[in-house]
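Undergrad: File follows, model_10.pdb with PDB, C-alpha atoms, pLDDT in the B column:
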```pdb
ATOM      1  CA  MET P  14      -6.866 222.528-100.675  1.00 32.00           C
ATOM      2  CA  SER P  15     -10.351 223.809 -99.755  1.00 39.00           C
ATOM      3  CA  TYR P  16     -12.763 225.506-102.144  1.00 36.00           C
ATOM      4  CA  LEU P  17     -12.433 228.705-100.114  1.00 43.00           C
ATOM      5  CA  CYS P  18      -8.635 228.755-100.372  1.00 43.00           C
ATOM      6  CA  LEU P  19      -8.859 228.259-104.131  1.00 39.00           C
ATOM      7  CA  LEU P  20     -11.242 231.204-104.377  1.00 45.00           C
ATOM      8  CA  THR P  21      -9.009 233.475-102.321  1.00 48.00           C
ATOM      9  CA  LYS P  22      -5.984 232.600-104.433  1.00 47.00           C
ATOM     10  CA  GLY P  23      -7.918 233.338-107.609  1.00 47.00           C
ATOM     11  CA  LEU P  24      -9.160 236.660-106.311  1.00 50.00           C
ATOM     12  CA  ALA P  25      -5.677 237.662-105.150  1.00 50.00           C
ATOM     13  CA  ARG P  26      -4.289 237.096-108.645  1.00 44.00           C
ATOM     14  CA  LYS P  27      -7.029 239.175-110.184  1.00 49.00           C
ATOM     15  CA  ILE P  28      -6.672 242.064-107.739  1.00 49.00           C
ATOM     16  CA  SER P  29      -2.905 242.187-108.176  1.00 47.00           C
ATOM     17  CA  GLU P  30      -3.536 243.325-111.762  1.00 52.00           C
ATOM     18  CA  THR P  31      -5.601 246.378-110.692  1.00 56.00           C
ATOM     19  CA  PHE P  32      -4.857 249.752-109.094  1.00 74.00           C
ATOM     20  CA  MET P  33      -7.313 249.213-106.252  1.00 85.00           C
ATOM     21  CA  ILE P  34      -6.223 248.797-102.656  1.00 92.00           C
ATOM     22  CA  ASN P  35      -7.891 245.750-101.134  1.00 93.00           C
ATOM     23  CA  ILE P  36      -7.946 245.793 -97.323  1.00 95.00           C
ATOM     24  CA  GLY P  37      -9.303 243.333 -94.795  1.00 96.00           C
ATOM     25  CA  LEU P  38     -10.621 244.822 -91.549  1.00 97.00           C
ATOM     26  CA  THR P  39     -10.872 242.371 -88.686  1.00 95.00           C
ATOM     27  CA  GLY P  40     -10.944 242.001 -84.925  1.00 91.00           C
ATOM     28  CA  GLY P  41     -12.689 239.984 -82.248  1.00 83.00           C
ATOM     29  CA  ILE P  42     -16.363 240.067 -81.305  1.00 82.00           C
ATOM     30  CA  GLY P  43     -17.132 243.344 -79.566  1.00 82.00           C
ATOM     31  CA  SER P  44     -13.982 245.068 -80.796  1.00 87.00           C
ATOM     32  CA  GLY P  45     -15.855 247.836 -82.610  1.00 88.00           C
ATOM     33  CA  LYS P  46     -15.059 246.916 -86.227  1.00 91.00           C
ATOM     34  CA  SER P  47     -18.283 248.462 -87.519  1.00 90.00           C
ATOM     35  CA  THR P  48     -17.515 251.774 -85.822  1.00 93.00           C
ATOM     36  CA  VAL P  49     -14.018 251.838 -87.309  1.00 96.00           C
ATOM     37  CA  ALA P  50     -15.381 250.870 -90.748  1.00 96.00           C
ATOM     38  CA  LYS P  51     -17.764 253.856 -90.655  1.00 96.00           C
ATOM     39  CA  LEU P  52     -14.853 256.178 -89.841  1.00 97.00           C
ATOM     40  CA  PHE P  53     -12.976 254.924 -92.893  1.00 98.00           C
ATOM     41  CA  GLN P  54     -16.111 255.235 -95.023  1.00 97.00           C
ATOM     42  CA  LYS P  55     -16.462 258.862 -93.934  1.00 97.00           C
ATOM     43  CA  ARG P  56     -12.956 259.454 -95.310  1.00 96.00           C
ATOM     44  CA  GLY P  57     -13.719 257.949 -98.701  1.00 96.00           C
ATOM     45  CA  ALA P  58     -13.242 254.185 -98.424  1.00 97.00           C
ATOM     46  CA  TYR P  59     -15.684 251.729 -99.938  1.00 97.00           C
ATOM     47  CA  ILE P  60     -16.929 249.324 -97.260  1.00 97.00           C
ATOM     48  CA  ILE P  61     -18.069 245.748 -97.806  1.00 96.00           C
ATOM     49  CA  ASP P  62     -19.659 244.341 -94.651  1.00 94.00           C
ATOM     50  CA  VAL P  63     -19.363 240.565 -94.821  1.00 92.00           C
ATOM     51  CA  ASP P  64     -21.864 240.144 -91.979  1.00 90.00           C
ATOM     52  CA  VAL P  65     -24.473 241.876 -94.152  1.00 92.00           C
ATOM     53  CA  LEU P  66     -23.612 239.510 -97.001  1.00 94.00           C
ATOM     54  CA  ALA P  67     -24.061 236.540 -94.651  1.00 91.00           C
ATOM     55  CA  HIS P  68     -27.569 237.755 -93.764  1.00 91.00           C
ATOM     56  CA  MET P  69     -28.337 238.108 -97.456  1.00 93.00           C
ATOM     57  CA  VAL P  70     -27.256 234.602 -98.485  1.00 93.00           C
ATOM     58  CA  GLU P  71     -29.175 233.131 -95.527  1.00 94.00           C
ATOM     59  CA  GLU P  72     -32.544 234.547 -96.580  1.00 94.00           C
ATOM     60  CA  PRO P  73     -35.464 232.086 -96.193  1.00 94.00           C
ATOM     61  CA  GLY P  74     -35.944 229.630 -99.029  1.00 92.00           C
ATOM     62  CA  GLY P  75     -32.476 230.010-100.495  1.00 93.00           C
ATOM     63  CA  ILE P  76     -29.905 227.272-100.972  1.00 94.00           C
ATOM     64  CA  VAL P  77     -27.832 228.286 -97.949  1.00 95.00           C
ATOM     65  CA  TRP P  78     -30.941 228.635 -95.747  1.00 96.00           C
ATOM     66  CA  ASN P  79     -32.129 225.168 -96.790  1.00 96.00           C
ATOM     67  CA  ARG P  80     -28.769 223.554 -96.008  1.00 96.00           C
ATOM     68  CA  ILE P  81     -28.546 225.220 -92.605  1.00 96.00           C
ATOM     69  CA  VAL P  82     -32.087 224.219 -91.651  1.00 96.00           C
ATOM     70  CA  GLU P  83     -31.522 220.676 -92.914  1.00 96.00           C
ATOM     71  CA  TYR P  84     -28.483 220.310 -90.650  1.00 96.00           C
ATOM     72  CA  PHE P  85     -29.552 222.239 -87.537  1.00 96.00           C
ATOM     73  CA  GLY P  86     -33.319 221.738 -87.604  1.00 95.00           C
ATOM     74  CA  ARG P  87     -36.231 224.161 -87.717  1.00 95.00           C
ATOM     75  CA  GLU P  88     -35.840 225.088 -84.056  1.00 95.00           C
ATOM     76  CA  ILE P  89     -33.254 227.672 -85.141  1.00 95.00           C
ATOM     77  CA  LEU P  90     -35.952 229.620 -87.044  1.00 95.00           C
ATOM     78  CA  ASP P  91     -37.992 232.530 -85.733  1.00 94.00           C
ATOM     79  CA  LYS P  92     -41.696 233.134 -86.376  1.00 92.00           C
ATOM     80  CA  ASP P  93     -40.914 234.584 -89.813  1.00 92.00           C
ATOM     81  CA  ASN P  94     -38.880 231.519 -90.828  1.00 94.00           C
ATOM     82  CA  GLU P  95     -35.685 233.536 -90.680  1.00 95.00           C
ATOM     83  CA  ILE P  96     -32.605 232.090 -88.994  1.00 95.00           C
ATOM     84  CA  ASP P  97     -32.417 233.290 -85.405  1.00 94.00           C
ATOM     85  CA  ARG P  98     -28.730 234.146 -85.169  1.00 90.00           C
ATOM     86  CA  GLU P  99     -28.779 234.241 -81.382  1.00 86.00           C
ATOM     87  CA  VAL P 100     -30.223 230.712 -81.185  1.00 92.00           C
ATOM     88  CA  LEU P 101     -27.863 229.392 -83.832  1.00 93.00           C
ATOM     89  CA  GLY P 102     -24.938 231.168 -82.189  1.00 87.00           C
ATOM     90  CA  GLY P 103     -25.773 229.555 -78.872  1.00 86.00           C
ATOM     91  CA  ILE P 104     -25.402 226.173 -80.587  1.00 91.00           C
ATOM     92  CA  VAL P 105     -22.268 226.638 -82.661  1.00 90.00           C
ATOM     93  CA  PHE P 106     -20.229 228.693 -80.202  1.00 82.00           C
ATOM     94  CA  ARG P 107     -20.257 225.712 -77.835  1.00 83.00           C
ATOM     95  CA  ASP P 108     -19.514 223.066 -80.459  1.00 88.00           C
ATOM     96  CA  SER P 109     -16.510 223.497 -82.758  1.00 86.00           C
ATOM     97  CA  GLU P 110     -17.672 220.726 -85.103  1.00 92.00           C
ATOM     98  CA  LYS P 111     -21.040 222.397 -85.657  1.00 93.00           C
ATOM     99  CA  LEU P 112     -19.360 225.775 -86.090  1.00 89.00           C
ATOM    100  CA  GLU P 113     -17.101 224.304 -88.756  1.00 89.00           C
ATOM    101  CA  LYS P 114     -20.118 222.800 -90.505  1.00 94.00           C
ATOM    102  CA  LEU P 115     -21.953 226.137 -90.479  1.00 93.00           C
ATOM    103  CA  ASN P 116     -18.896 227.895 -91.885  1.00 89.00           C
ATOM    104  CA  SER P 117     -18.549 225.321 -94.665  1.00 92.00           C
ATOM    105  CA  ILE P 118     -22.123 226.069 -95.724  1.00 94.00           C
ATOM    106  CA  VAL P 119     -22.055 229.848 -95.465  1.00 92.00           C
ATOM    107  CA  HIS P 120     -18.543 231.004 -96.336  1.00 89.00           C
ATOM    108  CA  PRO P 121     -18.332 229.938-100.012  1.00 90.00           C
ATOM    109  CA  ALA P 122     -21.636 231.702-100.770  1.00 93.00           C
ATOM    110  CA  VAL P 123     -20.531 234.818 -98.899  1.00 92.00           C
ATOM    111  CA  PHE P 124     -17.200 234.809-100.705  1.00 88.00           C
ATOM    112  CA  ASP P 125     -18.907 234.668-104.094  1.00 91.00           C
ATOM    113  CA  GLU P 126     -21.077 237.657-103.181  1.00 92.00           C
ATOM    114  CA  TRP P 127     -18.050 239.506-101.805  1.00 91.00           C
ATOM    115  CA  ARG P 128     -16.272 239.002-105.110  1.00 89.00           C
ATOM    116  CA  ARG P 129     -19.270 240.352-107.038  1.00 93.00           C
ATOM    117  CA  ARG P 130     -19.377 243.452-104.819  1.00 93.00           C
ATOM    118  CA  PHE P 131     -15.640 243.957-105.232  1.00 90.00           C
ATOM    119  CA  ASP P 132     -15.823 243.689-109.023  1.00 90.00           C
ATOM    120  CA  ASN P 133     -18.767 246.098-109.103  1.00 94.00           C
ATOM    121  CA  ILE P 134     -16.848 248.750-107.152  1.00 94.00           C
ATOM    122  CA  GLY P 135     -13.803 248.232-109.367  1.00 89.00           C
ATOM    123  CA  SER P 136     -15.866 248.781-112.504  1.00 91.00           C
ATOM    124  CA  ARG P 137     -16.875 252.204-111.162  1.00 92.00           C
ATOM    125  CA  ASP P 138     -13.599 253.273-109.546  1.00 92.00           C
ATOM    126  CA  GLU P 139     -10.411 251.561-110.670  1.00 87.00           C
ATOM    127  CA  LYS P 140      -8.394 253.270-107.919  1.00 88.00           C
ATOM    128  CA  ALA P 141     -10.783 252.541-105.060  1.00 93.00           C
ATOM    129  CA  ILE P 142      -9.706 251.849-101.507  1.00 95.00           C
ATOM    130  CA  ILE P 143     -11.937 248.940-100.541  1.00 96.00           C
ATOM    131  CA  ILE P 144     -12.163 247.854 -96.917  1.00 97.00           C
ATOM    132  CA  SER P 145     -13.947 244.577 -96.210  1.00 95.00           C
ATOM    133  CA  ASP P 146     -15.193 244.107 -92.642  1.00 95.00           C
ATOM    134  CA  ILE P 147     -14.528 240.381 -92.138  1.00 92.00           C
ATOM    135  CA  PRO P 148     -14.699 239.043 -88.547  1.00 86.00           C
ATOM    136  CA  LEU P 149     -13.033 235.705 -89.415  1.00 86.00           C
ATOM    137  CA  LEU P 150     -10.574 237.130 -91.934  1.00 91.00           C
ATOM    138  CA  ILE P 151      -7.574 235.253 -90.551  1.00 92.00           C
ATOM    139  CA  GLU P 152      -9.328 232.160 -89.236  1.00 86.00           C
ATOM    140  CA  VAL P 153     -10.687 231.169 -92.662  1.00 83.00           C
ATOM    141  CA  GLY P 154      -7.660 232.298 -94.665  1.00 87.00           C
ATOM    142  CA  TRP P 155      -9.231 235.318 -96.372  1.00 86.00           C
ATOM    143  CA  HIS P 156      -6.188 237.406 -95.395  1.00 90.00           C
ATOM    144  CA  ARG P 157      -4.463 235.736 -98.360  1.00 89.00           C
ATOM    145  CA  ALA P 158      -6.833 237.601-100.695  1.00 85.00           C
ATOM    146  CA  VAL P 159      -6.173 241.136 -99.405  1.00 91.00           C
ATOM    147  CA  ASP P 160      -3.303 243.571 -99.838  1.00 91.00           C
ATOM    148  CA  MET P 161      -3.274 244.664 -96.206  1.00 94.00           C
ATOM    149  CA  VAL P 162      -4.861 243.759 -92.886  1.00 96.00           C
ATOM    150  CA  ILE P 163      -6.194 246.275 -90.362  1.00 97.00           C
ATOM    151  CA  LEU P 164      -6.814 244.808 -86.907  1.00 96.00           C
ATOM    152  CA  VAL P 165      -9.195 246.536 -84.494  1.00 95.00           C
ATOM    153  CA  TYR P 166      -7.828 245.640 -81.076  1.00 93.00           C
ATOM    154  CA  THR P 167      -9.569 245.419 -77.726  1.00 90.00           C
ATOM    155  CA  SER P 168      -8.572 243.186 -74.825  1.00 87.00           C
ATOM    156  CA  PRO P 169     -10.646 240.056 -74.144  1.00 83.00           C
ATOM    157  CA  ASN P 170     -12.044 241.572 -70.938  1.00 85.00           C
ATOM    158  CA  VAL P 171     -13.298 244.636 -72.782  1.00 86.00           C
ATOM    159  CA  GLN P 172     -14.697 242.417 -75.541  1.00 83.00           C
ATOM    160  CA  ALA P 173     -16.628 240.348 -72.982  1.00 84.00           C
ATOM    161  CA  GLU P 174     -18.070 243.467 -71.353  1.00 87.00           C
ATOM    162  CA  ARG P 175     -19.234 244.828 -74.697  1.00 84.00           C
ATOM    163  CA  ILE P 176     -20.770 241.502 -75.753  1.00 84.00           C
ATOM    164  CA  MET P 177     -22.718 241.264 -72.481  1.00 87.00           C
ATOM    165  CA  GLU P 178     -23.955 244.840 -72.862  1.00 85.00           C
ATOM    166  CA  ARG P 179     -24.868 244.449 -76.539  1.00 83.00           C
ATOM    167  CA  ASN P 180     -26.497 241.010 -76.379  1.00 80.00           C
ATOM    168  CA  GLY P 181     -27.791 241.033 -72.813  1.00 82.00           C
ATOM    169  CA  CYS P 182     -26.058 237.707 -72.208  1.00 82.00           C
ATOM    170  CA  SER P 183     -24.122 236.208 -69.319  1.00 83.00           C
ATOM    171  CA  TYR P 184     -20.360 236.346 -68.889  1.00 81.00           C
ATOM    172  CA  GLU P 185     -20.185 232.612 -69.676  1.00 82.00           C
ATOM    173  CA  ASP P 186     -22.035 233.127 -72.977  1.00 82.00           C
ATOM    174  CA  ALA P 187     -19.723 235.991 -73.860  1.00 82.00           C
ATOM    175  CA  ARG P 188     -16.655 233.858 -73.130  1.00 81.00           C
ATOM    176  CA  ASP P 189     -18.045 231.025 -75.274  1.00 78.00           C
ATOM    177  CA  ARG P 190     -18.298 233.419 -78.198  1.00 80.00           C
ATOM    178  CA  LEU P 191     -14.787 234.712 -77.626  1.00 82.00           C
ATOM    179  CA  ASN P 192     -13.378 231.204 -77.329  1.00 79.00           C
ATOM    180  CA  SER P 193     -14.882 230.257 -80.692  1.00 77.00           C
ATOM    181  CA  GLN P 194     -12.519 232.714 -82.382  1.00 80.00           C
ATOM    182  CA  MET P 195      -8.774 232.998 -82.659  1.00 87.00           C
ATOM    183  CA  PRO P 196      -7.428 235.027 -79.667  1.00 88.00           C
ATOM    184  CA  VAL P 197      -6.991 238.650 -80.692  1.00 88.00           C
ATOM    185  CA  ASP P 198      -3.338 238.746 -79.580  1.00 89.00           C
ATOM    186  CA  GLU P 199      -2.558 235.941 -82.033  1.00 92.00           C
ATOM    187  CA  LYS P 200      -3.920 238.084 -84.885  1.00 94.00           C
ATOM    188  CA  ILE P 201      -1.450 240.916 -84.337  1.00 94.00           C
ATOM    189  CA  PRO P 202       1.384 239.333 -86.422  1.00 95.00           C
ATOM    190  CA  PHE P 203      -0.968 239.228 -89.428  1.00 95.00           C
ATOM    191  CA  ALA P 204      -1.798 242.934 -89.213  1.00 95.00           C
ATOM    192  CA  ASP P 205      -0.252 245.781 -91.187  1.00 95.00           C
ATOM    193  CA  PHE P 206      -2.042 248.300 -88.953  1.00 96.00           C
ATOM    194  CA  VAL P 207      -3.443 247.868 -85.434  1.00 95.00           C
ATOM    195  CA  ILE P 208      -6.152 250.244 -84.236  1.00 96.00           C
ATOM    196  CA  ASN P 209      -6.556 250.181 -80.457  1.00 94.00           C
ATOM    197  CA  ASN P 210     -10.249 250.777 -79.795  1.00 93.00           C
ATOM    198  CA  GLU P 211     -10.231 250.779 -76.001  1.00 90.00           C
ATOM    199  CA  GLY P 212      -9.901 254.532 -75.617  1.00 89.00           C
ATOM    200  CA  THR P 213     -12.255 257.428 -76.271  1.00 92.00           C
ATOM    201  CA  PRO P 214     -14.007 257.878 -79.637  1.00 93.00           C
ATOM    202  CA  GLU P 215     -11.678 260.802 -80.282  1.00 95.00           C
ATOM    203  CA  GLU P 216      -8.609 258.646 -79.700  1.00 95.00           C
ATOM    204  CA  THR P 217      -9.905 255.983 -82.086  1.00 95.00           C
ATOM    205  CA  GLU P 218     -10.672 258.587 -84.746  1.00 95.00           C
ATOM    206  CA  SER P 219      -7.172 259.999 -84.406  1.00 96.00           C
ATOM    207  CA  ILE P 220      -5.663 256.561 -85.067  1.00 96.00           C
ATOM    208  CA  VAL P 221      -7.967 256.059 -88.062  1.00 97.00           C
ATOM    209  CA  ASP P 222      -6.806 259.419 -89.417  1.00 96.00           C
ATOM    210  CA  ARG P 223      -3.164 258.339 -89.253  1.00 96.00           C
ATOM    211  CA  VAL P 224      -3.884 255.004 -90.931  1.00 96.00           C
ATOM    212  CA  TRP P 225      -5.958 256.684 -93.650  1.00 96.00           C
ATOM    213  CA  LYS P 226      -3.095 259.036 -94.485  1.00 94.00           C
ATOM    214  CA  GLU P 227      -0.817 256.003 -94.902  1.00 93.00           C
ATOM    215  CA  LEU P 228      -3.359 254.377 -97.223  1.00 92.00           C
ATOM    216  CA  LEU P 229      -3.570 257.537 -99.332  1.00 90.00           C
ATOM    217  CA  LYS P 230       0.212 257.592 -99.627  1.00 86.00           C
ATOM    218  CA  LYS P 231       0.126 254.030-100.927  1.00 81.00           C
ATOM    219  CA  LYS P 232      -2.641 254.943-103.349  1.00 70.00           C
ATOM    220  CA  ARG P 233      -0.578 257.809-104.783  1.00 58.00           C
ATOM    221  CA  THR P 234       2.398 255.518-105.403  1.00 56.00           C
ATOM    222  CA  GLU P 235       0.406 252.827-107.232  1.00 55.00           C
TER     223      GLU P 235
END
```
Is it possible to express this structure as structure tokens?
TA:
Amino acid sequence: MSYLCLLTKGLARKISETFMINIGLTGGIGSGKSTVAKLFQKRGAYIIDVDVLAHMVEEPGGIVWNRIVEYFGREILDKDNEIDREVLGGIVFRDSEKLEKLNSIVHPAVFDEWRRRFDNIGSRDEKAIIISDIPLLIEVGWHRAVDMVILVYTSPNVQAERIMERNGCSYEDARDRLNSQMPVDEKIPFADFVINNEGTPEETESIVDRVWKELLKKKRTE
């Protein structure tokens, strides 16, 4: 059993003894997870953005930064010695072995920081609704450490269009990024709630409203 799986099992046991609601928010690249997370935050949820944590643990000079640079070389660094995520992404999204290596370096450190953030929120609000925005929630097994999973759904074609618009990349680059993740349709069986984010902002907000009401009902019964 991997170190990460052991951590998730340990965290799940600890959370089961609290009144907090621990939710994993996931979806494919370009699905709009950050937008949905902000809508939940506006309604009172605590948000932990795992991408932000990844940036933090990869700061220059740290243990994770050193291990990444040792493996991938200094050509992945920008002029400020920070990891250029676009350059690194261009490498790992075309090579599953290198992607797995990167994940094995980064994920345990991110998980530790996630746990610290979670405990800190719990110490301030024992009945918090905590939503963690985790792109690879299902792929790396973190869904085992949450009470519920919310999936932000967009079709692969819409995802590709959004990635090209956001990153200014080609269709082939966008498809490489999509292919590095589990297909979004295969994530649906893991989800307790699915938020379709292909419509208007108003339609998405309406779905978030309905899901939030369900979460509040669960909170009142705890």
Undergrad: Pull the neighbourhood of (-16.5, 244.4, -87.3) for me: all residues within 9 Å in file coordinates, counting all atoms listed in the file, as a compact mmCIF listing (two decimals) with C-alpha atoms, in the coordinates of the input.
TA:
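What ended up in result-v2.txt:
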```
# COMPACT_ATOMS: atom_id res chain seq x y z
CA LEU P 38 -10.62 244.82 -91.55
CA THR P 39 -10.87 242.37 -88.69
CA GLY P 40 -10.94 242.00 -84.92
CA GLY P 41 -12.69 239.98 -82.25
CA ILE P 42 -16.36 240.07 -81.31
CA GLY P 43 -17.13 243.34 -79.57
CA SER P 44 -13.98 245.07 -80.80
CA GLY P 45 -15.86 247.84 -82.61
CA LYS P 46 -15.06 246.92 -86.23
CA SER P 47 -18.28 248.46 -87.52
CA THR P 48 -17.52 251.77 -85.82
CA VAL P 49 -14.02 251.84 -87.31
CA ALA P 50 -15.38 250.87 -90.75
CA ASP P 62 -19.66 244.34 -94.65
CA VAL P 63 -19.36 240.56 -94.82
CA ASP P 64 -21.86 240.14 -91.98
CA ASP P 146 -15.19 244.11 -92.64
CA ILE P 147 -14.53 240.38 -92.14
CA PRO P 148 -14.70 239.04 -88.55
CA VAL P 165 -9.20 246.54 -84.49
```
Undergrad: Report the distance between CA of Thr167 (chain P) and CA of Glu211 (chain P) in Å, rounded to one decimal place.
TA: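 Between these atoms lies a distance of 5.7 Å.
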Undergrad: Do a neighbour search on Gly212 (chain P) at 12 Å with only C-alpha atoms, toss out local chain neighbours closer than 2 positions, and write the hits as a list in words.
TA: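 Using only C-alpha atoms, the neighbours found are Ser44, Gly45, Val165, Tyr166, Thr167, Ser168, Val171, Ile208, Asn209, Asn210, Pro214, Glu215, Glu216, Thr217, Glu218, Ser219 and Ile220 of chain P.
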Undergrad: Expand the PyMOL selection byres ((chain P and resi 117-121) around 12) into the explicit residue set it covers here, and present it as a ChimeraX atom specification.
TA: /P:15-21,63-64,66-72,75-85,110-116,122-128,147-150,152-155
Undergrad: Go through P:Lys231, P:Arg98, P:Arg87, P:Lys55 and flag the residue nearest Asn180 (chain P), using all atoms listed in the file for the distances.
TA: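 Counting all atoms listed in the file, the residue closest to Asn180 (chain P) is P:Arg98.
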Undergrad: Could you state the separation of CA of Gly37 (chain P) and CA of Cys182 (chain P) in Å, given to one decimal place?
TA: 28.7 Å
Undergrad: Pick from P:Leu52, P:Ile61, P:Val159, P:Ile34: nearest to Ser145 (chain P), with all atoms listed in the file counted?
TA: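 Checking each candidate against Ser145 (chain P), we get P:Ile61 as the closest.
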Undergrad: Which one is closest to Tyr59 (chain P): P:Gln172, P:Thr213, P:Gln194, P:Asn133? Count only C-alpha atoms.
TA: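 Checking each of P:Gln172, P:Thr213, P:Gln194, P:Asn133 against Tyr59 (chain P), counting only C-alpha atoms, the winner is P:Asn133.
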Undergrad: Find the distance between CA of Val162 (chain P) and CA of Leu191 (chain P) and write it in Å to one decimal.
TA: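 Taking CA of Val162 (chain P) as the start and CA of Leu191 (chain P) as the end point, the length is 20.3 Å.
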Undergrad: On this file, the PyMOL selection byres ((chain P and resi 184) around 12) gives some set of residues; write that set as a list of chain:residue names.
TA: P:Pro169, P:Asn170, P:Val171, P:Gln172, P:Ala173, P:Glu174, P:Arg175, P:Ile176, P:Met177, P:Glu178, P:Asn180, P:Gly181, P:Cys182, P:Ser183, P:Glu185, P:Asp186, P:Ala187, P:Arg188, P:Asp189, P:Arg190, P:Leu191
Undergrad: Can you work out which one of P:Phe32, P:Asp91, P:Asp160, P:Asp108 has the shortest atom-to-atom distance to Ser136 (chain P), counting only C-alpha atoms?
TA: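 Checking each of P:Phe32, P:Asp91, P:Asp160, P:Asp108 against Ser136 (chain P), counting only C-alpha atoms, the winner is P:Phe32.
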Undergrad: Assuming the chain letters and numbering stay as they are in my file, what does the PyMOL selection byres ((chain P and resi 143) around 7) actually select? List them as a list in words.
TA: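 Evaluating the PyMOL selection byres ((chain P and resi 143) around 7) on this file yields Ile34, Asn35, Ile36, Ala58, Tyr59, Ile60, Ala141, Ile142, Ile144 and Ser145 of chain P.
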Undergrad: Applying 10 Å and all atoms listed in the file, which residues near Val224 (chain P) remain after dropping the ones on its own chain fewer than 6 positions away? List them as a ChimeraX atom specification.
TA: /P:53,163,205-208,218,230
Undergrad: From the set P:Ala204, P:Lys140, P:Leu90, P:Ile134, which residue has the shortest atom-to-atom contact distance to Arg157 (chain P), counting all atoms listed in the file?
TA: P:Ala204
Undergrad: Give the centre and edge lengths of an axis-aligned box, in Å to one decimal, that holds all listed atoms of region 218-226 of chain P with 8 Å on each side, as lines of an AutoDock Vina configuration file.
TA:
```
center_x = -6.9
center_y = 257.5
center_z = -89.4
size_x = 23.6
size_y = 21.0
size_z = 26.1
```
